[in-house]
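File shown: input-v5.csv. Contents: CSV, C-alpha atoms and all ligand atoms.
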```
chain,number,residue,atom,x,y,z
A,1,MET,CA,0.0,0.0,0.0
A,2,ILE,CA,1.2,3.5,-0.8
A,3,ASP,CA,-0.4,6.3,1.3
A,4,ARG,CA,0.2,9.4,-0.8
A,5,LYS,CA,-0.2,11.6,2.2
A,6,ALA,CA,3.1,10.2,3.5
A,7,TYR,CA,4.8,12.3,0.7
A,8,ARG,CA,3.5,15.5,2.2
A,9,THR,CA,5.4,14.8,5.4
A,10,ILE,CA,8.8,15.2,3.6
A,11,SER,CA,10.4,18.6,4.4
A,12,TYR,CA,12.0,20.8,1.8
A,13,GLY,CA,13.3,24.3,1.3
A,14,LEU,CA,12.6,26.5,-1.8
A,15,TYR,CA,15.2,27.6,-4.3
A,16,VAL,CA,15.6,29.4,-7.5
A,17,ILE,CA,17.7,27.4,-10.0
A,18,ALA,CA,19.2,29.5,-12.8
A,19,SER,CA,21.3,29.0,-15.8
A,20,ARG,CA,21.8,30.4,-19.4
A,21,LEU,CA,20.4,29.1,-22.6
A,22,PRO,CA,22.7,28.6,-25.6
A,23,ASP,CA,21.5,31.9,-27.1
A,24,GLY,CA,22.6,33.7,-23.9
A,25,ARG,CA,19.1,34.2,-22.4
A,26,LYS,CA,18.7,33.7,-18.7
A,27,ALA,CA,16.5,30.8,-17.6
A,28,ALA,CA,15.3,30.2,-14.0
A,29,CYS,CA,12.7,28.2,-12.1
A,30,VAL,CA,11.6,27.5,-8.5
A,31,ALA,CA,12.6,24.1,-7.2
A,32,ASN,CA,12.1,22.4,-3.9
A,33,THR,CA,14.6,19.6,-4.7
A,34,PHE,CA,18.0,21.3,-4.3
A,35,GLN,CA,20.1,19.6,-1.6
A,36,GLN,CA,23.6,18.9,-0.4
A,37,ILE,CA,24.4,15.2,-1.0
A,38,ALA,CA,28.1,14.9,-0.1
A,39,SER,CA,30.5,16.8,2.1
A,40,ASP,CA,34.0,16.3,0.8
A,41,PRO,CA,34.1,17.6,-1.9
A,42,ALA,CA,30.7,19.4,-1.4
A,43,LYS,CA,28.2,18.0,-3.9
A,44,VAL,CA,24.7,19.1,-4.5
A,45,SER,CA,21.8,17.9,-6.6
A,46,VAL,CA,18.6,19.2,-8.0
A,47,SER,CA,15.8,17.4,-9.8
A,48,LEU,CA,14.5,19.4,-12.8
A,49,ASN,CA,11.6,18.6,-15.1
A,50,LYS,CA,12.7,17.7,-18.7
A,51,GLN,CA,10.2,20.3,-20.0
A,52,ASN,CA,11.6,23.2,-18.1
A,53,ALA,CA,13.6,25.8,-20.0
A,54,THR,CA,16.0,25.9,-17.0
A,55,THR,CA,16.7,22.2,-17.5
A,56,GLU,CA,17.7,22.8,-21.1
A,57,ALA,CA,19.9,25.7,-20.1
A,58,ALA,CA,21.6,23.8,-17.3
A,59,LEU,CA,22.2,20.7,-19.5
A,60,SER,CA,23.6,22.8,-22.3
A,61,SER,CA,25.8,25.1,-20.2
A,62,GLY,CA,26.8,22.4,-17.7
A,63,LYS,CA,26.3,24.9,-14.9
A,64,PHE,CA,23.6,26.3,-12.7
A,65,THR,CA,23.2,28.5,-9.7
A,66,ALA,CA,20.9,27.8,-6.7
A,67,SER,CA,19.6,30.7,-4.6
A,68,VAL,CA,18.0,29.9,-1.3
A,69,LEU,CA,14.8,31.8,-0.9
A,70,ALA,CA,14.2,33.7,2.3
A,71,GLN,CA,10.9,33.7,4.3
A,72,SER,CA,10.4,37.3,3.1
A,73,ALA,CA,9.9,36.1,-0.5
A,74,THR,CA,6.3,36.8,-1.6
A,75,MET,CA,4.1,35.2,-4.2
A,76,ASP,CA,4.8,38.2,-6.5
A,77,LEU,CA,8.4,37.0,-6.6
A,78,ILE,CA,7.9,33.3,-6.5
A,79,GLY,CA,5.0,33.2,-9.1
A,80,PRO,CA,6.9,34.1,-12.3
A,81,PHE,CA,9.8,31.8,-11.4
A,82,GLY,CA,7.5,28.9,-10.4
A,83,PHE,CA,4.6,29.2,-12.9
A,84,HIS,CA,5.9,30.9,-16.1
A,85,SER,CA,8.4,29.8,-18.8
A,86,SER,CA,11.7,31.5,-19.3
A,87,LEU,CA,11.1,31.2,-23.0
A,88,ASP,CA,8.3,33.8,-22.8
A,89,THR,CA,9.7,36.2,-20.3
A,90,ASP,CA,12.8,37.5,-18.6
A,91,LYS,CA,12.0,36.5,-15.1
A,92,PHE,CA,14.9,38.6,-13.7
A,93,ASP,CA,13.5,41.9,-15.2
A,94,GLY,CA,13.1,44.4,-12.3
A,95,ILE,CA,14.3,41.8,-9.8
A,96,GLU,CA,17.6,42.1,-7.9
A,97,HIS,CA,20.0,39.6,-9.3
A,98,ASP,CA,23.7,39.1,-10.0
A,99,VAL,CA,25.9,36.9,-12.2
A,100,ASP,CA,28.6,34.6,-11.0
A,101,ALA,CA,32.2,34.2,-12.2
A,102,CYS,CA,30.9,32.1,-15.1
A,103,ASP,CA,28.3,34.7,-16.1
A,104,MET,CA,25.4,32.5,-14.8
A,105,PRO,CA,22.5,34.5,-13.4
A,106,CYS,CA,21.6,34.2,-9.7
A,107,LEU,CA,18.7,35.6,-7.8
A,108,THR,CA,19.7,37.8,-4.8
A,109,GLN,CA,16.4,39.4,-3.9
A,110,ASP,CA,14.8,37.8,-0.9
A,111,CYS,CA,17.5,35.2,-0.8
A,112,VAL,CA,19.7,34.0,2.1
A,113,ALA,CA,22.5,32.3,0.1
A,114,THR,CA,23.5,31.5,-3.4
A,115,PHE,CA,25.6,28.6,-4.8
A,116,SER,CA,27.3,28.1,-8.2
A,117,VAL,CA,27.5,24.5,-9.4
A,118,ASP,CA,29.4,22.7,-12.1
A,119,ILE,CA,27.3,19.7,-13.3
A,120,GLU,CA,29.3,16.4,-13.2
A,121,GLN,CA,26.6,13.8,-13.5
A,122,THR,CA,23.0,13.6,-14.8
A,123,ILE,CA,20.5,10.8,-14.1
A,124,ASP,CA,17.3,10.4,-16.1
A,125,VAL,CA,14.7,9.7,-13.4
A,126,GLY,CA,11.6,9.8,-15.7
A,127,SER,CA,9.8,13.1,-15.7
A,128,HIS,CA,12.8,14.8,-14.3
A,129,MET,CA,16.6,14.9,-14.7
A,130,LEU,CA,18.7,14.6,-11.5
A,131,LEU,CA,21.6,17.0,-11.9
A,132,ILE,CA,24.6,16.3,-9.6
A,133,GLY,CA,27.5,18.6,-9.3
A,134,SER,CA,30.3,20.3,-7.3
A,135,VAL,CA,29.9,23.7,-5.6
A,136,THR,CA,32.4,26.1,-7.2
A,137,SER,CA,31.3,29.1,-5.0
A,138,ALA,CA,28.9,29.8,-2.2
A,139,ARG,CA,27.9,33.2,-0.6
A,140,VAL,CA,25.6,34.1,2.3
A,141,LEU,CA,23.4,37.0,1.4
A,142,SER,CA,21.3,37.6,4.6
A,143,ASP,CA,20.7,36.2,8.0
A,144,GLN,CA,16.9,35.8,7.5
A,145,PRO,CA,15.3,32.4,8.0
A,146,PRO,CA,15.1,30.4,4.8
A,147,LEU,CA,11.7,29.7,3.2
A,148,THR,CA,10.4,26.2,3.8
A,149,TYR,CA,8.0,24.3,1.7
A,150,ALA,CA,5.6,24.1,4.6
A,151,TYR,CA,5.7,27.9,5.1
A,152,TYR,CA,5.1,28.3,1.3
A,153,HIS,CA,2.0,26.1,1.6
A,154,GLU,CA,0.6,27.1,5.0
A,155,VAL,CA,1.3,30.9,5.1
A,156,LEU,CA,1.8,32.0,1.5
A,157,ARG,CA,-1.0,29.5,0.4
A,158,GLY,CA,1.1,28.6,-2.6
A,159,LYS,CA,0.4,25.5,-4.8
A,160,THR,CA,2.6,22.9,-6.4
A,161,PRO,CA,2.5,23.0,-10.3
A,162,PRO,CA,2.5,19.8,-12.3
A,163,LYS,CA,6.2,20.1,-13.3
A,164,ALA,CA,7.4,20.1,-9.7
A,165,ALA,CA,9.1,16.9,-8.6
A,166,SER,CA,6.7,16.7,-5.6
A,167,TYR,CA,3.5,17.2,-7.7
A,168,GLN,CA,0.9,14.6,-6.8
A,169,GLY,CA,-2.2,15.8,-8.7
A,170,ASN,CA,-4.0,18.9,-7.5
A,171,ASP,CA,-2.8,19.5,-3.9
A,172,SER,CA,-5.9,21.3,-2.9
A,173,PRO,CA,-9.2,19.4,-2.8
A,174,ALA,CA,-10.5,18.9,-6.3
A,175,SER,CA,-13.2,21.6,-5.8
A,176,GLY,CA,-11.1,24.4,-7.2
A,177,GLU,CA,-10.2,22.5,-10.3
A,178,SER,CA,-13.8,21.3,-11.0
A,179,ASP,CA,-15.2,24.8,-10.4
A,180,ALA,CA,-12.8,26.2,-12.9
A,181,THR,CA,-13.7,23.5,-15.5
A,182,ALA,CA,-17.3,24.1,-15.0
A,183,ALA,CA,-16.9,27.8,-15.2
A,184,GLU,CA,-14.8,27.5,-18.4
A,185,SER,CA,-17.7,25.8,-20.1
A,186,GLU,CA,-19.7,29.0,-19.5
A,187,ALA,CA,-17.2,31.0,-21.5
A,188,ALA,CA,-18.4,33.7,-23.9
A,189,LYS,CA,-20.3,32.7,-27.1
A,190,PRO,CA,-18.9,34.2,-30.3
A,191,GLY,CA,-19.7,38.0,-30.5
A,192,GLU,CA,-20.8,38.2,-26.9
A,193,ILE,CA,-18.6,40.3,-24.6
A,194,ARG,CA,-18.1,38.6,-21.3
A,195,TYR,CA,-15.7,39.2,-18.4
A,196,ALA,CA,-13.3,36.9,-16.7
A,197,TRP,CA,-10.5,37.2,-14.2
A,198,ARG,CA,-6.9,36.4,-14.9
A,199,CYS,CA,-4.4,35.4,-12.2
A,200,THR,CA,-1.4,37.7,-12.7
A,201,ILE,CA,0.8,35.2,-10.9
A,202,CYS,CA,0.2,31.9,-12.9
A,203,GLY,CA,-2.1,33.0,-15.8
A,204,HIS,CA,-5.1,30.9,-14.7
A,205,ILE,CA,-8.4,32.4,-16.1
A,206,GLU,CA,-11.6,32.2,-14.0
A,207,TYR,CA,-14.6,32.6,-16.2
A,208,VAL,CA,-17.0,34.5,-13.8
A,209,ASP,CA,-18.3,38.1,-13.8
A,210,GLU,CA,-17.3,38.7,-10.2
A,211,LEU,CA,-14.8,37.0,-7.9
A,212,PRO,CA,-15.8,36.4,-4.3
A,213,ASP,CA,-13.6,38.4,-1.8
A,214,ASP,CA,-12.2,35.1,-0.3
A,215,PHE,CA,-11.4,33.6,-3.8
A,216,THR,CA,-8.1,31.9,-4.1
A,217,CYS,CA,-6.5,30.8,-7.4
A,218,PRO,CA,-7.0,27.0,-7.8
A,219,ILE,CA,-3.6,26.8,-9.6
A,220,CYS,CA,-1.1,28.9,-7.6
A,221,GLY,CA,-3.2,29.7,-4.5
A,222,VAL,CA,-2.9,33.5,-4.4
A,223,GLY,CA,-5.9,35.6,-3.3
A,224,ARG,CA,-8.3,37.8,-5.3
A,225,GLU,CA,-6.0,40.8,-5.1
A,226,PHE,CA,-3.7,39.1,-7.7
A,227,PHE,CA,-6.5,38.8,-10.3
A,228,GLU,CA,-7.2,41.3,-13.1
A,229,ARG,CA,-10.5,41.6,-14.9
A,230,ILE,CA,-10.3,40.9,-18.6
A,231,GLU,CA,-12.7,40.7,-21.6
A,232,VAL,CA,-13.3,37.3,-23.1
B,301,LIG,C1,6.8,25.4,-4.9
B,301,LIG,C2,7.3,24.9,-6.2
B,301,LIG,C3,8.2,23.9,-6.3
B,301,LIG,C4,8.7,23.5,-7.5
B,301,LIG,N1,9.7,22.5,-7.6
B,301,LIG,C5,10.2,22.1,-8.8
B,301,LIG,C6,11.2,21.1,-8.8
B,301,LIG,O1,11.8,20.7,-7.8
B,301,LIG,N2,11.7,20.7,-10.1
B,301,LIG,C7,11.2,21.3,-11.2
B,301,LIG,O2,11.6,20.9,-12.3
B,301,LIG,N3,10.2,22.2,-11.2
B,301,LIG,C8,9.7,22.6,-10.0
B,301,LIG,N4,8.7,23.6,-9.9
B,301,LIG,C9,8.1,24.1,-11.2
B,301,LIG,C10,9.0,25.0,-12.0
B,301,LIG,O3,9.4,26.1,-11.2
B,301,LIG,C11,8.0,25.6,-13.1
B,301,LIG,O4,7.6,24.6,-14.0
B,301,LIG,C12,8.7,26.8,-13.9
B,301,LIG,O5,7.7,27.5,-14.5
B,301,LIG,C13,9.7,26.3,-15.0
B,301,LIG,O6,10.2,27.4,-15.6
B,301,LIG,P1,11.2,27.3,-16.8
B,301,LIG,O7,10.5,26.5,-17.9
B,301,LIG,O8,11.5,28.7,-17.2
B,301,LIG,O9,12.4,26.6,-16.4
B,301,LIG,C14,8.3,24.1,-8.7
B,301,LIG,C15,7.4,25.2,-8.7
B,301,LIG,C16,6.9,25.6,-7.4
B,301,LIG,C17,5.9,26.8,-7.4
```
Encoded form using structure tokens:
Amino acid sequence: MIDRKAYRTISYGLYVIASRLPDGRKAACVANTFQQIASDPAKVSVSLNKQNATTEAALSSGKFTASVLAQSATMDLIGPFGFHSSLDTDKFDGIEHDVDACDMPCLTQDCVATFSVDIEQTIDVGSHMLLIGSVTSARVLSDQPPLTYAYYHEVLRGKTPPKAASYQGNDSPASGESDATAAESEAAKPGEIRYAWRCTICGHIEYVDELPDDFTCPICGVGREFFERIEV
């Protein structure tokens, strides 16, 4: 028997993994799977979805940075890195960041530390690639507490997207998902102007005229204040 709830008892931190695509563009994503796996020499690993732009960037450059998010990180910062593609947007635009000695981007805003890693081994683990490497530099950026996965879920009310290694289906009760599906079937008929609400964090569209004050996004979990009204 496998009780899927057991997976939810595993503790993680939250990190922004960044690298550079072959054309020089920056790629970055949120990951909860960065960890130290050996001490001498210091080795780390991260598990990245094969469909992420960041995975392509890391595999092609052979390098990545991992920035440890602080508890001060908000959904405004986490949302673009965790729910959007680096192919569509420069996630670092307007965000404090730096580059390491190898010109790899690294997030510094709301981060407690950042690591630069040379990839030495890759293991295909199905949906994800496990990237293993040596730390070439490490810096402490602040003495704030690091953001934990539990804090992200319980306090920031964040969700886990399908490409995360820890995804197990919708991690909120299915109600949000089915509401959205039902609402989508009420989308505008051709020629008829209707309104809907778009989540500015993850892009989810809720096809209703008005959002209740206590509405939360069924995809990324943010509140009504992150939604903008659009015509459909
Ligand atoms: C809380 C959280 C944890 C995540 N953990 C991982 C992870 O460990 N591995 C992964 O590949 N994606 C993870 N993701 C999903 C990626 O951040 C997301 O798919 C991102 O949009 C990929 O961006 P990219 O295509 O620009 O690389 C996570 C997202 C969130 C919000």
Can you pull out every residue within 9 Å of Val117 (chain A), counting all atoms listed in the file, but drop anything in the same chain fewer than 5 positions away, and send it as a PyMOL selection string? chain A and resi 43-44+62-66+132-137
Quick one: residues within 8 Å of ligand LIG 301 (chain B), with all atoms listed in the file, as a ChimeraX atom specification? /A:14,16,27-34,46-55,78-87,128,149,152,158-166,220
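Of the residues under consideration (A:Val155, A:Pro146, A:Thr89, A:Ser67), A:Ser67 shows the shortest atom-to-atom contact distance to Ala113 (chain A) when counting all atoms listed in the file.
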Option closest in space to Tyr12 (chain A), from A:Ile201, A:Cys111, A:Val68, A:Met75 [counting all atoms listed in the file]: A:Val68
State, in Å with one decimal place, the distance from CA of Ala73 (chain A) to CA of Asp90 (chain A). 18.4 Å
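Put simply, CA of Ile95 (chain A) is 19.8 Å away from CA of Val222 (chain A).
In this comparison, which uses all atoms listed in the file, the residue of A:Leu141, A:Leu59, A:Val99, A:Met1 approaching Glu120 (chain A) most closely is A:Leu59.
Between CA of Tyr7 (chain A) and CA of Thr74 (chain A) the interatomic distance comes to 24.7 Å.
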Pick from A:Val112, A:Ile2, A:Cys102, A:Ile219, whichever lies nearest to Val140 (chain A) using all atoms listed in the file: A:Val112
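Residue neighbourhood of Ala196 (chain A), excluding near-sequence residues (fewer than 4 positions): Ala187, Ile205, Glu206, Tyr207, Val208, Asp209, Glu210, Leu211, Glu228, Arg229, Ile230, Glu231 and Val232 of chain A, at 9 Å, using only C-alpha atoms.
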